[in-house]
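Below is the file input.txt, which contains compact mmCIF, N, CA and C atoms.
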# COMPACT_ATOMS: atom_id res chain seq x y z
N MET Y 1 93.83 83.43 -41.32
CA MET Y 1 92.46 83.73 -40.96
C MET Y 1 91.80 84.46 -42.11
N ASP Y 2 90.59 84.12 -42.39
CA ASP Y 2 89.86 84.78 -43.46
C ASP Y 2 89.42 86.16 -42.99
N SER Y 3 89.74 87.18 -43.80
CA SER Y 3 89.44 88.56 -43.40
C SER Y 3 87.96 88.88 -43.44
N HIS Y 4 87.17 88.04 -44.08
CA HIS Y 4 85.74 88.32 -44.17
C HIS Y 4 84.98 87.97 -42.88
N LEU Y 5 85.65 87.45 -41.88
CA LEU Y 5 84.95 87.08 -40.65
C LEU Y 5 84.28 88.26 -39.98
N LYS Y 6 84.90 89.44 -40.05
CA LYS Y 6 84.30 90.60 -39.39
C LYS Y 6 82.95 90.95 -39.98
N SER Y 7 82.76 90.67 -41.26
CA SER Y 7 81.49 91.03 -41.89
C SER Y 7 80.59 89.82 -42.12
N GLY Y 8 81.10 88.63 -41.85
CA GLY Y 8 80.32 87.42 -42.09
C GLY Y 8 79.48 87.03 -40.89
N HIS Y 9 78.80 85.92 -41.05
CA HIS Y 9 77.98 85.38 -39.97
C HIS Y 9 78.85 84.43 -39.15
N ILE Y 10 79.13 84.83 -37.92
CA ILE Y 10 80.02 84.05 -37.07
C ILE Y 10 79.45 83.94 -35.66
N HIS Y 11 80.00 83.01 -34.92
CA HIS Y 11 79.79 82.93 -33.47
C HIS Y 11 81.18 82.93 -32.85
N VAL Y 12 81.34 83.70 -31.79
CA VAL Y 12 82.60 83.78 -31.07
C VAL Y 12 82.42 83.13 -29.71
N GLY Y 13 83.34 82.27 -29.35
CA GLY Y 13 83.29 81.63 -28.03
C GLY Y 13 82.85 80.18 -28.13
N LEU Y 14 83.27 79.41 -27.16
CA LEU Y 14 83.05 77.97 -27.18
C LEU Y 14 81.58 77.59 -27.06
N LYS Y 15 80.85 78.20 -26.16
CA LYS Y 15 79.47 77.81 -25.91
C LYS Y 15 78.60 78.00 -27.16
N GLN Y 16 78.65 79.19 -27.76
CA GLN Y 16 77.85 79.44 -28.97
C GLN Y 16 78.33 78.60 -30.14
N SER Y 17 79.64 78.42 -30.23
CA SER Y 17 80.20 77.64 -31.34
C SER Y 17 79.79 76.18 -31.25
N LYS Y 18 79.81 75.61 -30.05
CA LYS Y 18 79.39 74.22 -29.87
C LYS Y 18 77.92 74.05 -30.21
N LYS Y 19 77.09 75.01 -29.84
CA LYS Y 19 75.67 74.93 -30.15
C LYS Y 19 75.45 74.96 -31.66
N ALA Y 20 76.13 75.86 -32.36
CA ALA Y 20 76.01 75.95 -33.82
C ALA Y 20 76.50 74.66 -34.47
N LEU Y 21 77.55 74.08 -33.94
CA LEU Y 21 78.10 72.83 -34.46
C LEU Y 21 77.09 71.70 -34.31
N GLN Y 22 76.46 71.61 -33.15
CA GLN Y 22 75.45 70.57 -32.89
C GLN Y 22 74.24 70.73 -33.80
N GLU Y 23 73.94 71.97 -34.17
CA GLU Y 23 72.79 72.25 -35.04
C GLU Y 23 73.13 72.07 -36.52
N GLY Y 24 74.39 71.81 -36.82
CA GLY Y 24 74.81 71.60 -38.20
C GLY Y 24 74.94 72.88 -39.00
N ASN Y 25 75.18 74.01 -38.32
CA ASN Y 25 75.23 75.31 -38.96
C ASN Y 25 76.64 75.85 -39.21
N VAL Y 26 77.67 75.03 -39.01
CA VAL Y 26 79.05 75.52 -39.10
C VAL Y 26 79.68 75.16 -40.44
N LEU Y 27 80.20 76.18 -41.11
CA LEU Y 27 80.92 76.00 -42.36
C LEU Y 27 82.39 75.70 -42.09
N LYS Y 28 82.99 76.45 -41.15
CA LYS Y 28 84.40 76.32 -40.84
C LYS Y 28 84.64 76.78 -39.41
N ALA Y 29 85.59 76.16 -38.74
CA ALA Y 29 85.93 76.52 -37.36
C ALA Y 29 87.36 77.05 -37.29
N TYR Y 30 87.58 77.97 -36.39
CA TYR Y 30 88.90 78.54 -36.14
C TYR Y 30 89.22 78.36 -34.67
N VAL Y 31 90.43 77.90 -34.37
CA VAL Y 31 90.84 77.64 -32.99
C VAL Y 31 92.19 78.32 -32.76
N ALA Y 32 92.32 79.01 -31.64
CA ALA Y 32 93.58 79.66 -31.29
C ALA Y 32 94.58 78.62 -30.80
N GLU Y 33 95.79 78.68 -31.34
CA GLU Y 33 96.83 77.72 -30.96
C GLU Y 33 97.24 77.83 -29.50
N ASP Y 34 97.11 79.03 -28.92
CA ASP Y 34 97.52 79.21 -27.52
C ASP Y 34 96.38 79.04 -26.53
N ALA Y 35 95.22 78.60 -27.02
CA ALA Y 35 94.09 78.34 -26.11
C ALA Y 35 94.36 77.07 -25.32
N ASP Y 36 93.79 76.97 -24.15
CA ASP Y 36 93.96 75.81 -23.28
C ASP Y 36 93.39 74.57 -23.98
N PRO Y 37 94.21 73.54 -24.19
CA PRO Y 37 93.71 72.32 -24.84
C PRO Y 37 92.53 71.70 -24.10
N HIS Y 38 92.47 71.90 -22.79
CA HIS Y 38 91.34 71.40 -22.01
C HIS Y 38 90.03 72.01 -22.53
N VAL Y 39 90.11 73.22 -23.04
CA VAL Y 39 88.94 73.92 -23.56
C VAL Y 39 88.65 73.51 -25.01
N THR Y 40 89.67 73.34 -25.81
CA THR Y 40 89.47 73.18 -27.26
C THR Y 40 89.50 71.75 -27.79
N ASP Y 41 90.13 70.81 -27.10
CA ASP Y 41 90.31 69.46 -27.64
C ASP Y 41 88.98 68.78 -27.99
N ALA Y 42 88.02 68.82 -27.10
CA ALA Y 42 86.73 68.17 -27.37
C ALA Y 42 86.02 68.85 -28.54
N PHE Y 43 86.14 70.17 -28.63
CA PHE Y 43 85.52 70.90 -29.74
C PHE Y 43 86.14 70.48 -31.07
N VAL Y 44 87.46 70.40 -31.12
CA VAL Y 44 88.16 70.00 -32.35
C VAL Y 44 87.76 68.57 -32.72
N ALA Y 45 87.66 67.69 -31.74
CA ALA Y 45 87.25 66.31 -32.00
C ALA Y 45 85.83 66.26 -32.56
N GLN Y 46 84.96 67.09 -32.01
CA GLN Y 46 83.58 67.14 -32.49
C GLN Y 46 83.53 67.65 -33.94
N CYS Y 47 84.35 68.65 -34.25
CA CYS Y 47 84.44 69.15 -35.62
C CYS Y 47 84.88 68.03 -36.57
N ALA Y 48 85.89 67.28 -36.17
CA ALA Y 48 86.39 66.19 -37.00
C ALA Y 48 85.31 65.14 -37.23
N ALA Y 49 84.58 64.81 -36.19
CA ALA Y 49 83.53 63.80 -36.30
C ALA Y 49 82.42 64.24 -37.24
N LEU Y 50 82.20 65.55 -37.33
CA LEU Y 50 81.13 66.08 -38.18
C LEU Y 50 81.64 66.55 -39.53
N GLY Y 51 82.93 66.39 -39.78
CA GLY Y 51 83.50 66.78 -41.07
C GLY Y 51 83.65 68.27 -41.28
N VAL Y 52 83.78 69.02 -40.19
CA VAL Y 52 83.95 70.48 -40.27
C VAL Y 52 85.44 70.80 -40.26
N GLU Y 53 85.88 71.58 -41.23
CA GLU Y 53 87.28 71.97 -41.33
C GLU Y 53 87.67 72.88 -40.16
N VAL Y 54 88.84 72.65 -39.60
CA VAL Y 54 89.36 73.47 -38.50
C VAL Y 54 90.66 74.12 -38.96
N SER Y 55 90.72 75.43 -38.82
CA SER Y 55 91.96 76.17 -39.09
C SER Y 55 92.46 76.73 -37.77
N TYR Y 56 93.78 76.75 -37.64
CA TYR Y 56 94.39 77.25 -36.41
C TYR Y 56 94.95 78.64 -36.63
N VAL Y 57 94.76 79.50 -35.63
CA VAL Y 57 95.25 80.87 -35.65
C VAL Y 57 96.26 80.99 -34.53
N GLU Y 58 97.31 81.77 -34.74
CA GLU Y 58 98.45 81.80 -33.82
C GLU Y 58 98.13 82.17 -32.38
N SER Y 59 97.14 83.02 -32.15
CA SER Y 59 96.87 83.43 -30.77
C SER Y 59 95.39 83.77 -30.56
N MET Y 60 94.98 83.71 -29.30
CA MET Y 60 93.61 84.07 -28.95
C MET Y 60 93.34 85.54 -29.25
N LEU Y 61 94.33 86.39 -28.97
CA LEU Y 61 94.16 87.82 -29.24
C LEU Y 61 93.94 88.07 -30.73
N ARG Y 62 94.73 87.43 -31.56
CA ARG Y 62 94.59 87.60 -33.02
C ARG Y 62 93.24 87.09 -33.49
N LEU Y 63 92.82 85.93 -32.99
CA LEU Y 63 91.54 85.36 -33.39
C LEU Y 63 90.39 86.29 -32.99
N GLY Y 64 90.46 86.83 -31.78
CA GLY Y 64 89.43 87.77 -31.34
C GLY Y 64 89.38 89.01 -32.21
N ARG Y 65 90.53 89.57 -32.49
CA ARG Y 65 90.59 90.77 -33.33
C ARG Y 65 90.10 90.48 -34.74
N ASP Y 66 90.48 89.33 -35.30
CA ASP Y 66 90.01 88.97 -36.63
C ASP Y 66 88.50 88.79 -36.68
N ALA Y 67 87.92 88.45 -35.53
CA ALA Y 67 86.47 88.28 -35.45
C ALA Y 67 85.76 89.59 -35.10
N GLY Y 68 86.54 90.65 -34.89
CA GLY Y 68 85.94 91.96 -34.65
C GLY Y 68 85.67 92.30 -33.21
N ILE Y 69 86.31 91.57 -32.28
CA ILE Y 69 86.14 91.91 -30.87
C ILE Y 69 87.48 92.36 -30.30
N GLU Y 70 87.44 93.05 -29.19
CA GLU Y 70 88.66 93.62 -28.60
C GLU Y 70 89.21 92.79 -27.46
N ARG Y 71 88.99 91.48 -27.52
CA ARG Y 71 89.54 90.58 -26.51
C ARG Y 71 89.85 89.25 -27.19
N GLY Y 72 90.50 88.39 -26.48
CA GLY Y 72 90.86 87.10 -27.05
C GLY Y 72 89.68 86.16 -27.19
N ALA Y 73 89.83 85.20 -28.11
CA ALA Y 73 88.80 84.18 -28.31
C ALA Y 73 89.51 82.85 -28.56
N ALA Y 74 89.05 81.81 -27.92
CA ALA Y 74 89.63 80.49 -28.12
C ALA Y 74 89.10 79.85 -29.39
N VAL Y 75 87.80 80.10 -29.68
CA VAL Y 75 87.12 79.46 -30.80
C VAL Y 75 86.21 80.47 -31.49
N VAL Y 76 86.21 80.42 -32.83
CA VAL Y 76 85.27 81.18 -33.65
C VAL Y 76 84.79 80.24 -34.74
N VAL Y 77 83.50 80.30 -35.05
CA VAL Y 77 82.99 79.50 -36.16
C VAL Y 77 82.32 80.41 -37.18
N GLU Y 78 82.52 80.05 -38.44
CA GLU Y 78 81.86 80.71 -39.55
C GLU Y 78 80.60 79.91 -39.84
N LEU Y 79 79.47 80.57 -39.87
CA LEU Y 79 78.19 79.89 -40.06
C LEU Y 79 77.85 79.74 -41.53
N LYS Y 80 77.09 78.70 -41.82
CA LYS Y 80 76.59 78.50 -43.18
C LYS Y 80 75.61 79.63 -43.50
N SER Y 81 75.52 79.99 -44.74
CA SER Y 81 74.60 81.07 -45.15
C SER Y 81 73.17 80.68 -45.01

Give the structure from the file, written as structure tokens.
Amino acid sequence: MDSHLKSGHIHVGLKQSKKALQEGNVLKAYVAEDADPHVTDAFVAQCAALGVEVSYVESMLRLGRDAGIERGAAVVVELKS
């Protein structure tokens, strides 16, 4: 996980991340490996269709902490500047 996420422009959570993806504002996506595939599979497919790189993080808790929140997150996206 890139350590600059805490200070960068990001969206945490599936709903905000999907909206940013649809608007073409996503530089890179991060998905927790232990997140429910029912939640993340369509998002990952959408990233692939739009040519957005997806990196996997070992757990939702780690992804949330790396994004600067104190709870788990299934999806985080880094926004274009």

Counting only C-alpha atoms, figure out which residue out of Y:Gly68, Y:Gly8, Y:Gly13, Y:Gly51 gets nearest to Ala32 in chain Y. Y:Gly13

Just how far from atom N of Gln22 in chain Y is CA of Lys80 in chain Y, in Å to one decimal?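 Distance reported for this atom pair: 12.2 Å.
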
Neighbours of point (73.9, 69.7, -44.6) within 12 Å, using only C-alpha atoms, written as number ranges by chain: Y: 21-27, 50-52, 79-81

Between CA of Pro37 in chain Y and CA of His9 in chain Y, what is the distance in Å, rounded to a tenth?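 Between CA of Pro37 in chain Y and CA of His9 in chain Y the gap works out to 25.4 Å.
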
One residue among Y:Asp41, Y:Val77, Y:Cys47, Y:Ala35 is nearest to Gln16 in chain Y when using all atoms listed in the file, and that residue is Y:Val77

Counting all atoms listed in the file, the residue of Y:Val44, Y:Val76, Y:Asp36, Y:Ser17 that sits nearest Gly64 in chain Y: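 For Gly64 in chain Y, the nearest of the candidates is Y:Val76.
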
Grab the atom C of Glu70 in chain Y to CA of Ser55 in chain Y distance for me, in Å with one decimal place. 20.5 Å

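With distances restricted to only C-alpha atoms, Y:Met60 is the closest residue to Ala74 in chain Y from Y:Ile10, Y:Ala49, Y:His38, Y:Met60.
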
Could you check which of Y:Leu14, Y:Val54, Y:Ala48, Y:Ile69 is closest to Val31 in chain Y, using all atoms listed in the file? Y:Val54

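Within range 3-77 of chain Y, DSSP run on the backbone puts these residues in strand (DSSP E): Ile10, His11, Val12, Val26, Leu27, Lys28, Ala29, Tyr30, Val31, Ala32, Glu53, Val54, Ser55, Tyr56, Val57, Val75, Val76 and Val77 of chain Y.
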
Give the alpha helix (DSSP H) residues of chain Y, as DSSP finds them on the backbone, and put them as a PyMOL selection string. chain Y and resi 14-22+37-50+60-66

Take the point (94.5, 82.2, -37.6) in the file's coordinates, draw a sphere of radius 7 Å around it, and report as a PDB file with N, CA and C atoms, keeping the file's coordinate frame every protein, DNA or RNA residue with an atom inside or on it, counting all atoms listed in the file.
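Saved the output as result.pdb:
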ATOM      1  N   MET Y   1      93.830  83.430 -41.320  1.00  0.00           N
ATOM      2  CA  MET Y   1      92.460  83.730 -40.960  1.00  0.00           C
ATOM      3  C   MET Y   1      91.800  84.460 -42.110  1.00  0.00           C
ATOM      4  N   ASP Y   2      90.590  84.120 -42.390  1.00  0.00           N
ATOM      5  CA  ASP Y   2      89.860  84.780 -43.460  1.00  0.00           C
ATOM      6  C   ASP Y   2      89.420  86.160 -42.990  1.00  0.00           C
ATOM      7  N   TYR Y  30      87.580  77.970 -36.390  1.00  0.00           N
ATOM      8  CA  TYR Y  30      88.900  78.540 -36.140  1.00  0.00           C
ATOM      9  C   TYR Y  30      89.220  78.360 -34.670  1.00  0.00           C
ATOM     10  N   VAL Y  31      90.430  77.900 -34.370  1.00  0.00           N
ATOM     11  CA  VAL Y  31      90.840  77.640 -32.990  1.00  0.00           C
ATOM     12  C   VAL Y  31      92.190  78.320 -32.760  1.00  0.00           C
ATOM     13  N   ALA Y  32      92.320  79.010 -31.640  1.00  0.00           N
ATOM     14  CA  ALA Y  32      93.580  79.660 -31.290  1.00  0.00           C
ATOM     15  C   ALA Y  32      94.580  78.620 -30.800  1.00  0.00           C
ATOM     16  N   SER Y  55      90.720  75.430 -38.820  1.00  0.00           N
ATOM     17  CA  SER Y  55      91.960  76.170 -39.090  1.00  0.00           C
ATOM     18  C   SER Y  55      92.460  76.730 -37.770  1.00  0.00           C
ATOM     19  N   TYR Y  56      93.780  76.750 -37.640  1.00  0.00           N
ATOM     20  CA  TYR Y  56      94.390  77.250 -36.410  1.00  0.00           C
ATOM     21  C   TYR Y  56      94.950  78.640 -36.630  1.00  0.00           C
ATOM     22  N   VAL Y  57      94.760  79.500 -35.630  1.00  0.00           N
ATOM     23  CA  VAL Y  57      95.250  80.870 -35.650  1.00  0.00           C
ATOM     24  C   VAL Y  57      96.260  80.990 -34.530  1.00  0.00           C
ATOM     25  N   GLU Y  58      97.310  81.770 -34.740  1.00  0.00           N
ATOM     26  CA  GLU Y  58      98.450  81.800 -33.820  1.00  0.00           C
ATOM     27  C   GLU Y  58      98.130  82.170 -32.380  1.00  0.00           C
ATOM     28  N   SER Y  59      97.140  83.020 -32.150  1.00  0.00           N
ATOM     29  CA  SER Y  59      96.870  83.430 -30.770  1.00  0.00           C
ATOM     30  C   SER Y  59      95.390  83.770 -30.560  1.00  0.00           C
ATOM     31  N   ARG Y  62      94.730  87.430 -31.560  1.00  0.00           N
ATOM     32  CA  ARG Y  62      94.590  87.600 -33.020  1.00  0.00           C
ATOM     33  C   ARG Y  62      93.240  87.090 -33.490  1.00  0.00           C
ATOM     34  N   LEU Y  63      92.820  85.930 -32.990  1.00  0.00           N
ATOM     35  CA  LEU Y  63      91.540  85.360 -33.390  1.00  0.00           C
ATOM     36  C   LEU Y  63      90.390  86.290 -32.990  1.00  0.00           C
TER      37      LEU Y  63
END
